[in-house]
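So this block is upload14.pdb, PDB, C-alpha atoms, pLDDT in the B column:
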ATOM      1  CA  MET F  32      -2.601 -41.564   3.819  1.00 59.00           C
ATOM      2  CA  SER F  33      -5.169 -39.297   5.448  1.00 68.00           C
ATOM      3  CA  ILE F  34      -7.410 -36.874   3.589  1.00 68.00           C
ATOM      4  CA  LYS F  35      -5.438 -33.967   5.050  1.00 66.00           C
ATOM      5  CA  ASP F  36      -2.157 -35.481   3.764  1.00 67.00           C
ATOM      6  CA  ALA F  37      -3.686 -36.007   0.320  1.00 59.00           C
ATOM      7  CA  GLU F  38      -4.887 -32.385   0.235  1.00 63.00           C
ATOM      8  CA  ARG F  39      -1.415 -31.168   1.205  1.00 63.00           C
ATOM      9  CA  GLN F  40       0.144 -33.307  -1.542  1.00 61.00           C
ATOM     10  CA  LEU F  41      -2.271 -31.910  -4.160  1.00 58.00           C
ATOM     11  CA  GLU F  42      -1.560 -28.370  -2.990  1.00 63.00           C
ATOM     12  CA  SER F  43       2.177 -29.053  -3.100  1.00 63.00           C
ATOM     13  CA  ASN F  44       1.858 -30.431  -6.652  1.00 63.00           C
ATOM     14  CA  ASP F  45      -0.106 -27.338  -7.734  1.00 63.00           C
ATOM     15  CA  LEU F  46       2.514 -25.078  -6.193  1.00 60.00           C
ATOM     16  CA  ALA F  47       5.344 -26.954  -7.911  1.00 60.00           C
ATOM     17  CA  ARG F  48       3.540 -26.864 -11.293  1.00 57.00           C
ATOM     18  CA  THR F  49       2.861 -23.116 -11.010  1.00 59.00           C
ATOM     19  CA  LYS F  50       6.416 -22.364  -9.886  1.00 58.00           C
ATOM     20  CA  TRP F  51       7.723 -24.450 -12.801  1.00 54.00           C
ATOM     21  CA  LEU F  52       5.701 -22.347 -15.219  1.00 55.00           C
ATOM     22  CA  MET F  53       6.534 -18.982 -13.720  1.00 55.00           C
ATOM     23  CA  GLY F  54      10.113 -19.769 -12.733  1.00 56.00           C
ATOM     24  CA  THR F  55      11.530 -20.199  -9.288  1.00 48.00           C
ATOM     25  CA  GLY F  56      11.700 -17.436  -6.703  1.00 46.00           C
ATOM     26  CA  LEU F  57      10.359 -14.133  -7.944  1.00 46.00           C
ATOM     27  CA  ALA F  58      11.226 -14.720 -11.612  1.00 50.00           C
ATOM     28  CA  SER F  59       7.550 -14.255 -12.502  1.00 57.00           C
ATOM     29  CA  CYS F  60       7.950 -10.593 -11.543  1.00 64.00           C
ATOM     30  CA  ASN F  61       9.669  -9.769 -14.820  1.00 73.00           C
ATOM     31  CA  PRO F  62       7.054  -7.994 -16.982  1.00 78.00           C
ATOM     32  CA  GLN F  63       9.113  -8.829 -20.074  1.00 75.00           C
ATOM     33  CA  ASN F  64       8.110 -12.497 -19.634  1.00 79.00           C
ATOM     34  CA  TRP F  65       4.385 -11.909 -19.221  1.00 84.00           C
ATOM     35  CA  ASN F  66       3.736 -11.499 -22.972  1.00 85.00           C
ATOM     36  CA  GLU F  67       5.088 -14.991 -23.622  1.00 85.00           C
ATOM     37  CA  TRP F  68       2.690 -16.599 -21.132  1.00 87.00           C
ATOM     38  CA  LEU F  69      -0.604 -15.124 -22.422  1.00 91.00           C
ATOM     39  CA  ALA F  70      -3.435 -17.430 -23.478  1.00 93.00           C
ATOM     40  CA  ASP F  71      -5.229 -16.653 -26.754  1.00 95.00           C
ATOM     41  CA  ASP F  72      -8.385 -15.535 -24.911  1.00 95.00           C
ATOM     42  CA  VAL F  73      -6.640 -13.708 -22.048  1.00 95.00           C
ATOM     43  CA  VAL F  74      -8.386 -10.830 -20.257  1.00 95.00           C
ATOM     44  CA  LEU F  75      -6.021  -8.116 -18.998  1.00 93.00           C
ATOM     45  CA  SER F  76      -7.280  -5.459 -16.585  1.00 92.00           C
ATOM     46  CA  LEU F  77      -5.476  -2.366 -15.375  1.00 86.00           C
ATOM     47  CA  ARG F  78      -7.007  -0.737 -12.304  1.00 85.00           C
ATOM     48  CA  LEU F  79      -5.091   2.466 -11.763  1.00 74.00           C
ATOM     49  CA  SER F  80      -7.851   4.924 -10.856  1.00 56.00           C
ATOM     50  CA  ALA F  81      -6.892   5.348  -7.209  1.00 51.00           C
ATOM     51  CA  ALA F  82      -3.350   6.504  -7.965  1.00 50.00           C
ATOM     52  CA  ASP F  83      -1.697   9.441  -9.671  1.00 50.00           C
ATOM     53  CA  ILE F  84       0.167   7.604 -12.412  1.00 50.00           C
ATOM     54  CA  THR F  85       0.793  10.610 -14.648  1.00 50.00           C
ATOM     55  CA  ARG F  86       4.438  10.601 -13.566  1.00 48.00           C
ATOM     56  CA  ILE F  87       5.050   6.969 -14.488  1.00 49.00           C
ATOM     57  CA  GLY F  88       6.140   7.179 -18.112  1.00 48.00           C
ATOM     58  CA  GLY F  89       5.163   3.687 -19.244  1.00 48.00           C
ATOM     59  CA  LEU F  90       1.668   3.957 -17.758  1.00 51.00           C
ATOM     60  CA  ARG F  91       0.634   7.283 -19.293  1.00 49.00           C
ATOM     61  CA  GLY F  92      -2.631   6.940 -21.152  1.00 49.00           C
ATOM     62  CA  TYR F  93      -3.897   4.107 -18.948  1.00 50.00           C
ATOM     63  CA  SER F  94      -5.690   5.928 -16.173  1.00 54.00           C
ATOM     64  CA  GLY F  95      -8.785   4.610 -14.449  1.00 62.00           C
ATOM     65  CA  VAL F  96      -9.904   1.099 -15.293  1.00 77.00           C
ATOM     66  CA  PHE F  97      -8.728  -0.329 -18.603  1.00 80.00           C
ATOM     67  CA  ARG F  98      -9.478  -3.755 -20.049  1.00 89.00           C
ATOM     68  CA  ALA F  99      -7.916  -5.612 -22.964  1.00 91.00           C
ATOM     69  CA  VAL F 100      -9.394  -8.845 -24.324  1.00 94.00           C
ATOM     70  CA  GLY F 101      -7.432 -11.339 -26.385  1.00 94.00           C
ATOM     71  CA  LYS F 102      -3.760 -12.033 -26.823  1.00 94.00           C
ATOM     72  CA  LYS F 103      -3.092  -9.419 -29.514  1.00 94.00           C
ATOM     73  CA  GLN F 104      -4.657  -6.487 -27.660  1.00 93.00           C
ATOM     74  CA  SER F 105      -3.186  -7.569 -24.306  1.00 91.00           C
ATOM     75  CA  ARG F 106       0.301  -7.875 -25.801  1.00 91.00           C
ATOM     76  CA  LEU F 107       0.051  -4.343 -27.170  1.00 88.00           C
ATOM     77  CA  VAL F 108      -0.941  -2.996 -23.758  1.00 85.00           C
ATOM     78  CA  LEU F 109       1.790  -4.928 -21.929  1.00 86.00           C
ATOM     79  CA  LYS F 110       4.361  -3.868 -24.515  1.00 84.00           C
ATOM     80  CA  GLY F 111       3.320  -0.248 -24.006  1.00 79.00           C
ATOM     81  CA  ILE F 112       3.690  -0.371 -20.232  1.00 78.00           C
ATOM     82  CA  SER F 113       6.459  -2.941 -19.781  1.00 76.00           C
ATOM     83  CA  SER F 114       9.312  -0.422 -19.825  1.00 73.00           C
ATOM     84  CA  GLY F 115       7.615   1.570 -17.052  1.00 72.00           C
ATOM     85  CA  LEU F 116       6.874  -1.592 -15.103  1.00 77.00           C
ATOM     86  CA  SER F 117      10.363  -3.009 -15.574  1.00 77.00           C
ATOM     87  CA  GLN F 118      11.911   0.209 -14.336  1.00 78.00           C
ATOM     88  CA  ASP F 119       9.414   1.226 -11.624  1.00 80.00           C
ATOM     89  CA  LEU F 120       7.868  -2.037 -10.359  1.00 83.00           C
ATOM     90  CA  SER F 121       9.381  -3.717  -7.316  1.00 84.00           C
ATOM     91  CA  ILE F 122       7.821  -7.019  -6.263  1.00 84.00           C
ATOM     92  CA  THR F 123       8.442  -8.141  -2.697  1.00 84.00           C
ATOM     93  CA  THR F 124       6.036 -11.048  -2.236  1.00 84.00           C
ATOM     94  CA  GLU F 125       4.735 -13.865  -4.426  1.00 82.00           C
ATOM     95  CA  VAL F 126       1.682 -15.880  -3.329  1.00 82.00           C
ATOM     96  CA  ILE F 127       0.804 -19.057  -5.237  1.00 79.00           C
ATOM     97  CA  SER F 128      -2.301 -21.157  -4.742  1.00 78.00           C
ATOM     98  CA  GLY F 129      -3.013 -23.805  -7.336  1.00 77.00           C
ATOM     99  CA  SER F 130      -3.196 -22.036 -10.676  1.00 81.00           C
ATOM    100  CA  HIS F 131      -3.474 -18.552  -9.152  1.00 87.00           C
ATOM    101  CA  LEU F 132      -0.526 -16.245  -8.612  1.00 86.00           C
ATOM    102  CA  ILE F 133      -0.516 -12.933  -6.747  1.00 89.00           C
ATOM    103  CA  LEU F 134       2.459 -10.577  -6.788  1.00 88.00           C
ATOM    104  CA  LEU F 135       2.611  -7.830  -4.159  1.00 90.00           C
ATOM    105  CA  GLY F 136       4.945  -4.861  -4.286  1.00 89.00           C
ATOM    106  CA  LYS F 137       5.276  -1.181  -4.994  1.00 88.00           C
ATOM    107  CA  LEU F 138       5.310   1.076  -8.030  1.00 82.00           C
ATOM    108  CA  ALA F 139       7.549   4.147  -8.057  1.00 79.00           C
ATOM    109  CA  ALA F 140       6.397   7.521  -9.366  1.00 71.00           C
ATOM    110  CA  ARG F 141       9.562   9.559  -9.897  1.00 65.00           C
ATOM    111  CA  THR F 142       9.943  13.328 -10.278  1.00 62.00           C
ATOM    112  CA  ALA F 143      13.026  15.529 -10.375  1.00 63.00           C
ATOM    113  CA  GLN F 144      11.686  17.767  -7.592  1.00 65.00           C
ATOM    114  CA  ILE F 145      10.403  15.166  -5.127  1.00 66.00           C
ATOM    115  CA  GLY F 146      12.349  12.043  -6.021  1.00 67.00           C
ATOM    116  CA  ALA F 147      10.279   8.898  -5.854  1.00 70.00           C
ATOM    117  CA  SER F 148       6.966   8.277  -4.162  1.00 76.00           C
ATOM    118  CA  TYR F 149       5.662   4.738  -3.941  1.00 82.00           C
ATOM    119  CA  MET F 150       2.214   3.184  -4.196  1.00 83.00           C
ATOM    120  CA  PRO F 151       1.241  -0.418  -3.418  1.00 89.00           C
ATOM    121  CA  VAL F 152       0.606  -2.642  -6.429  1.00 89.00           C
ATOM    122  CA  VAL F 153      -0.977  -6.074  -6.847  1.00 92.00           C
ATOM    123  CA  VAL F 154      -0.605  -8.264  -9.932  1.00 91.00           C
ATOM    124  CA  TYR F 155      -3.063 -11.178 -10.104  1.00 93.00           C
ATOM    125  CA  MET F 156      -2.695 -13.996 -12.648  1.00 91.00           C
ATOM    126  CA  ALA F 157      -4.992 -16.978 -13.195  1.00 92.00           C
ATOM    127  CA  LEU F 158      -3.576 -19.782 -15.333  1.00 87.00           C
ATOM    128  CA  ASN F 159      -5.536 -22.086 -17.610  1.00 89.00           C
ATOM    129  CA  SER F 160      -4.975 -25.838 -17.967  1.00 85.00           C
ATOM    130  CA  GLN F 161      -2.277 -25.201 -20.611  1.00 85.00           C
ATOM    131  CA  LYS F 162      -0.357 -23.113 -18.029  1.00 82.00           C
ATOM    132  CA  LYS F 163      -0.997 -19.861 -19.877  1.00 88.00           C
ATOM    133  CA  ILE F 164      -2.260 -16.626 -18.307  1.00 90.00           C
ATOM    134  CA  GLN F 165      -6.044 -16.657 -18.715  1.00 94.00           C
ATOM    135  CA  GLU F 166      -6.735 -13.603 -16.592  1.00 95.00           C
ATOM    136  CA  MET F 167      -4.412 -10.854 -15.398  1.00 94.00           C
ATOM    137  CA  THR F 168      -5.075  -7.766 -13.312  1.00 93.00           C
ATOM    138  CA  ILE F 169      -2.583  -5.049 -12.417  1.00 90.00           C
ATOM    139  CA  ALA F 170      -3.936  -2.776  -9.682  1.00 89.00           C
ATOM    140  CA  THR F 171      -2.500   0.140  -7.699  1.00 84.00           C
ATOM    141  CA  PHE F 172      -3.864   1.440  -4.432  1.00 78.00           C
TER
END
Write out the structure in this file as structure tokens.
Amino acid sequence: MSIKDAERQLESNDLARTKWLMGTGLASCNPQNWNEWLADDVVLSLRLSAADITRIGGLRGYSGVFRAVGKKQSRLVLKGISSGLSQDLSITTEVISGSHLILLGKLAARTAQIGASYMPVVVYMALNSQKKIQEMTIATF
């Protein structure tokens, strides 16, 4: 077995392990599941300063850059925004590399007058050795 084949096998094993944790396909896109996967010392960052999120109900109160440290505080934040994310978040692409997961999609801002306008969103997750989310960032552009 060549070094290149061994590297591919390790990468394939990492991908399989991460997919096993997060679920197959785009199952990891469900914000309702994220609370269950948080590590005790998780760091959650919301980076929403570049977007007008005042019309997204679940994200009101979280403008600019917001950071939560620890499982308890992060769970409260995710619980507060999960209904807005569940309703308005649409993930189209999932990128997995080792213990890192990136979700790409769009977030809808709905109004009665205009309908929905969309902004790109990225969700980054880094997993620890226990397959829990160690670091998570939700960012709009």
Next on the checklist: Just checking: using all atoms listed in the file, which residue out of F:Ile164, F:Ile122, F:Leu132, F:Ile127 ends up closest to Pro151 (chain F)?
Outcome noted: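 Ranked by minimum distance to Pro151 (chain F), first place goes to F:Ile122.
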For Ala139 (chain F), work out the shell of residues within 6 Å, counting only C-alpha atoms and skipping chain neighbours fewer than 4 positions away, then give it as a PDB file with C-alpha atoms, in the frame of the given file.
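After the write, part.pdb holds the following:
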ATOM      1  CA  ASP F 119       9.414   1.226 -11.624  1.00 80.00           C
ATOM      2  CA  ALA F 147      10.279   8.898  -5.854  1.00 70.00           C
ATOM      3  CA  SER F 148       6.966   8.277  -4.162  1.00 76.00           C
ATOM      4  CA  TYR F 149       5.662   4.738  -3.941  1.00 82.00           C
TER       5      TYR F 149
END
Next on the checklist: Neighbouring residues of Pro62 (chain F) were defined as those with any atom within 12 Å, considering all atoms listed in the file; residues of the same chain fewer than 3 positions away were excluded. Please report them as a count of residues only.
Outcome noted: 29
Checklist entry - What separation in Å, quoted to one decimal, exists between CA of Val74 (chain F) and CA of Val100 (chain F)? => result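 Interatomic distance here is 4.6 Å.
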Listed atoms of region 106-110 of chain F boxed along x, y and z, 5 Å each side, centre and edge lengths in Å, one decimal, as JSON:
{"center_x": 1.7, "center_y": -5.4, "center_z": -24.5, "size_x": 15.3, "size_y": 14.9, "size_z": 15.2}
Next on the checklist: Under the rule that all atoms listed in the file are counted, which of F:Thr123, F:Lys103, F:Val96, F:Leu138 is the nearest residue to Val73 (chain F)?
Outcome noted: F:Lys103
Checklist entry - In terms of the shortest atom-to-atom distance over all atoms listed in the file, which of F:Val153, F:Asn61, F:Gln104, F:Gln165 is closest to Thr124 (chain F)? => result F:Val153
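Take CA of Thr171 (chain F) and CA of Gly101 (chain F): the distance between them is 22.5 Å.
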Checklist entry - To one decimal place, how far is CA of Ala70 (chain F) from CA of Gly136 (chain F) in Å? => result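 So the two atoms, CA of Ala70 (chain F) and CA of Gly136 (chain F), lie 24.4 Å apart.
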Item to check | Shortest interatomic distance to Leu77 (chain F) - which of F:Leu158, F:Val152, F:Ala140, F:Val126, counting all atoms listed in the file | outcome: F:Val152
Next on the checklist: Considering only C-alpha atoms, can you say which of F:Leu79, F:Lys137, F:Gly129, F:Asp71 comes closest to Lys102 (chain F)?
Outcome noted: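 Comparing F:Leu79, F:Lys137, F:Gly129, F:Asp71 against Lys102 (chain F), the winner is F:Asp71.
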